[in-house]
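Chemist: Got a structure here, written out as C-alpha cells. Questions coming.
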Amino acid sequence: MVGLIGRKIGMTQVITEGGVVSVTAIEAGPCVVTQVKTGETDGYQAVQLGFEEARRLNKPEAGHLKKVRAQLRHLREIRRDLGDLQVGSRVDVSIFKPGDRVDVVGVSKGRGFAGVVKRHHFAGGPKTHGQSDRHRGPGSVGSTTYAGRVFKGLRMAGHMGDQRVTVKNLEVVTADLERNLLLVRGGVPGANRALLMIVPSKRSGG
C-alpha cells in the first residue's frame, strides 16, 4: 500500500457495536501515479501521486505529466516500496479496509500571532497581590550577568499554527469506494477542504 491524497470534509459520528465513535470524513483519491523513483536512478524508492484535475498547466508541469495524459492539480511524493506500481496506475480507497491503521499528514490551522498562554499553554502570572500587568505574560526570559542572553528556542509569543502536522496510528472505520470516502477515528490537522496525505501507519508495520 502506497497511500492517498485527499481533502478533509469534516467531522461526524458513526454508531458501531462499541458505541458512538467520532470520525473525520476524508475525500480520498482517486490518485494517479505520475512518477516512480528507484534506488538505481534516484538513490531512493518513492512514488509521486497526482490528485484533482487542474484547469490549466504551465509548460514544465505539462511536460512532467505528459506520460499520464492528465492535468493534475496536486502532486505529492510518498517514500514506499514500489510493488508493481507503474506510471499511470490508479490508486483509490480500496487499498484500505476497516481496522487498518493510517498516519494522516496535513497543515494545521493558522492562528496568527499568539501569546504564550495560547501558544505554549503557560499559566500566566498572578491575578492578585498587586499584580495588574502580567496576567498572560511570559515571565522571565533570561538571567542578567550569566548567561547574559536569551537562549535559542525559548518558548515565546509568535506565529502559531500553519505547520505540517502528522497524526499517527488512526483507525480506518469505513472505506467507501463508490463515494471515494474514508472515515478515520479521531481528528486530523487542518480546516475543512484542507489537503491531506493518508499513508499506512509505520507503527502497524505498513
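Naming scheme: A, B, ... for chains in displayed order of the C-alpha cells; residues 1 onward per chain; ligands 1 onward as shown.
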Just asking: which residues within segment 58-165 of chain A are alpha helix (DSSP H) according to DSSP, as a list in words?
Modeler: Lys59, Pro60, Glu61, Ala62, Gly63, His64, Val116, Val117, Lys118, Arg119 and His120 of chain A
Chemist: Excluding Thr38 of chain A and its own-chain neighbours fewer than 2 positions away, which residues fall within 12 Å of it when counting only C-alpha atoms? Please give them as a compact mmCIF listing (two decimals) with C-alpha atoms, in the first residue's frame.
Modeler:
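After the write, part-v1.txt holds the following:
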# COMPACT_ATOMS: atom_id res chain seq x y z
CA GLN A 35 6.39 9.27 -11.25
CA VAL A 36 8.20 6.23 -9.87
CA GLU A 40 19.18 2.93 -9.25
CA THR A 41 18.02 6.19 -10.83
CA ASP A 42 17.26 8.47 -7.87
CA GLY A 43 19.03 6.95 -4.87
CA TYR A 44 15.81 6.09 -3.03
CA GLN A 45 12.42 4.49 -3.61
CA ALA A 46 9.34 6.68 -3.82
CA VAL A 47 6.06 7.13 -5.64
CA GLN A 48 4.67 10.50 -6.76
CA ARG A 79 8.52 7.07 0.15
CA ARG A 80 7.29 3.49 -0.03
CA ASP A 81 8.20 0.14 -1.56
CA LEU A 82 7.05 0.34 -5.15
CA GLY A 83 5.48 -3.09 -5.53
CA LEU A 85 3.10 0.30 -9.40
CA GLN A 86 3.84 1.97 -12.72
Chemist: Would you mind listing, for every residue of segment 133-198 of chain A within 6 Å of segment 1-25 of chain A, the two atoms forming the shortest contact and the distance between them in Å to one decimal, using only C-alpha atoms, sorted by chain and ascending residue number, as a tab-separated table?
Modeler:
residue	atom	partner	partner_atom	distance
A:Leu182	CA	A:Ala25	CA	5.9
A:Leu183	CA	A:Ala25	CA	4.7
A:Val184	CA	A:Val23	CA	5.3
A:Arg185	CA	A:Val23	CA	4.3
A:Gly186	CA	A:Val23	CA	5.1
A:Gly187	CA	A:Thr24	CA	5.9
A:Asn192	CA	A:Lys8	CA	5.2
A:Arg193	CA	A:Lys8	CA	4.9
A:Ala194	CA	A:Arg7	CA	5.4
A:Leu195	CA	A:Arg7	CA	4.7
A:Leu196	CA	A:Gly6	CA	5.2
A:Met197	CA	A:Ile5	CA	4.6
A:Ile198	CA	A:Leu4	CA	5.1
Chemist: Within segment 56-148 of chain A, find each residue whose DSSP state, derived from the backbone, is strand (DSSP E), and express the selection as an MDAnalysis selection string.
Modeler: chainID A and resid 72:78 90:91 101:107 112:114
Chemist: Can you spit out the residues from that selection as an mmCIF file, in the first residue's frame, using N, CA and C atoms?
Modeler:
data_model
loop_
_atom_site.group_PDB
_atom_site.id
_atom_site.type_symbol
_atom_site.label_atom_id
_atom_site.label_comp_id
_atom_site.auth_asym_id
_atom_site.auth_seq_id
_atom_site.Cartn_x
_atom_site.Cartn_y
_atom_site.Cartn_z
ATOM 1 N N LEU A 72 -3.236 17.333 -13.602
ATOM 2 C CA LEU A 72 -3.417 17.106 -12.169
ATOM 3 C C LEU A 72 -2.961 18.322 -11.382
ATOM 4 N N ARG A 73 -3.754 18.676 -10.393
ATOM 5 C CA ARG A 73 -3.510 19.910 -9.644
ATOM 6 C C ARG A 73 -2.467 19.745 -8.551
ATOM 7 N N HIS A 74 -2.537 18.627 -7.813
ATOM 8 C CA HIS A 74 -1.661 18.435 -6.665
ATOM 9 C C HIS A 74 -0.773 17.218 -6.872
ATOM 10 N N LEU A 75 0.517 17.366 -6.608
ATOM 11 C CA LEU A 75 1.466 16.259 -6.684
ATOM 12 C C LEU A 75 2.139 16.110 -5.326
ATOM 13 N N ARG A 76 2.195 14.873 -4.828
ATOM 14 C CA ARG A 76 2.859 14.595 -3.560
ATOM 15 C C ARG A 76 3.675 13.307 -3.680
ATOM 16 N N GLU A 77 4.819 13.290 -3.024
ATOM 17 C CA GLU A 77 5.703 12.124 -3.083
ATOM 18 C C GLU A 77 5.639 11.358 -1.769
ATOM 19 N N ILE A 78 5.543 10.043 -1.882
ATOM 20 C CA ILE A 78 5.489 9.175 -0.713
ATOM 21 C C ILE A 78 6.593 8.141 -0.836
ATOM 22 N N ARG A 90 -3.662 3.690 -11.225
ATOM 23 C CA ARG A 90 -4.686 4.386 -10.442
ATOM 24 C C ARG A 90 -4.724 3.802 -9.030
ATOM 25 N N VAL A 91 -4.794 4.681 -8.030
ATOM 26 C CA VAL A 91 -4.852 4.271 -6.625
ATOM 27 C C VAL A 91 -6.099 4.886 -6.001
ATOM 28 N N ARG A 101 -4.650 0.787 10.124
ATOM 29 C CA ARG A 101 -4.108 1.938 10.835
ATOM 30 C C ARG A 101 -3.373 2.837 9.848
ATOM 31 N N VAL A 102 -3.629 4.144 9.936
ATOM 32 C CA VAL A 102 -3.033 5.088 8.988
ATOM 33 C C VAL A 102 -2.446 6.284 9.723
ATOM 34 N N ASP A 103 -1.477 6.933 9.067
ATOM 35 C CA ASP A 103 -0.957 8.232 9.502
ATOM 36 C C ASP A 103 -1.515 9.285 8.552
ATOM 37 N N VAL A 104 -2.009 10.387 9.100
ATOM 38 C CA VAL A 104 -2.576 11.461 8.278
ATOM 39 C C VAL A 104 -1.711 12.705 8.431
ATOM 40 N N VAL A 105 -1.252 13.229 7.294
ATOM 41 C CA VAL A 105 -0.351 14.385 7.269
ATOM 42 C C VAL A 105 -1.091 15.572 6.666
ATOM 43 N N GLY A 106 -1.034 16.707 7.346
ATOM 44 C CA GLY A 106 -1.684 17.910 6.840
ATOM 45 C C GLY A 106 -1.045 19.149 7.425
ATOM 46 N N VAL A 107 -1.598 20.308 7.080
ATOM 47 C CA VAL A 107 -1.122 21.596 7.598
ATOM 48 C C VAL A 107 -2.145 22.115 8.597
ATOM 49 N N GLY A 112 -2.327 32.844 13.547
ATOM 50 C CA GLY A 112 -1.758 34.185 13.585
ATOM 51 C C GLY A 112 -0.763 34.354 14.718
ATOM 52 N N PHE A 113 -0.543 35.596 15.134
ATOM 53 C CA PHE A 113 0.377 35.890 16.238
ATOM 54 C C PHE A 113 -0.342 35.594 17.552
ATOM 55 N N ALA A 114 0.222 34.692 18.351
ATOM 56 C CA ALA A 114 -0.419 34.283 19.605
ATOM 57 C C ALA A 114 0.550 34.429 20.764
#
Chemist: Taking into account only C-alpha atoms, which residue in the set A:Asp92, A:Asp100, A:Asp133, A:Glu53 is nearest to Val173 of chain A?
Modeler: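 That would be A:Asp100, the residue with the smallest distance to Val173 of chain A.
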Chemist: Can you measure atom CA of His64 of chain A to atom CA of Thr166 of chain A for me? One decimal in Å is fine.
Modeler: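 These two atoms are separated by 28.2 Å.
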Chemist: So what do you get for atom CA of Asn169 of chain A versus atom CA of Leu181 of chain A, distance-wise?
Modeler: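 These two atoms are separated by 18.5 Å.
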Chemist: Could you jot down the atom CA of Glu61 of chain A to atom CA of Ser89 of chain A separation for me, Å, one decimal place?
Modeler: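 Atom CA of Glu61 of chain A sits 18.6 Å away from atom CA of Ser89 of chain A.
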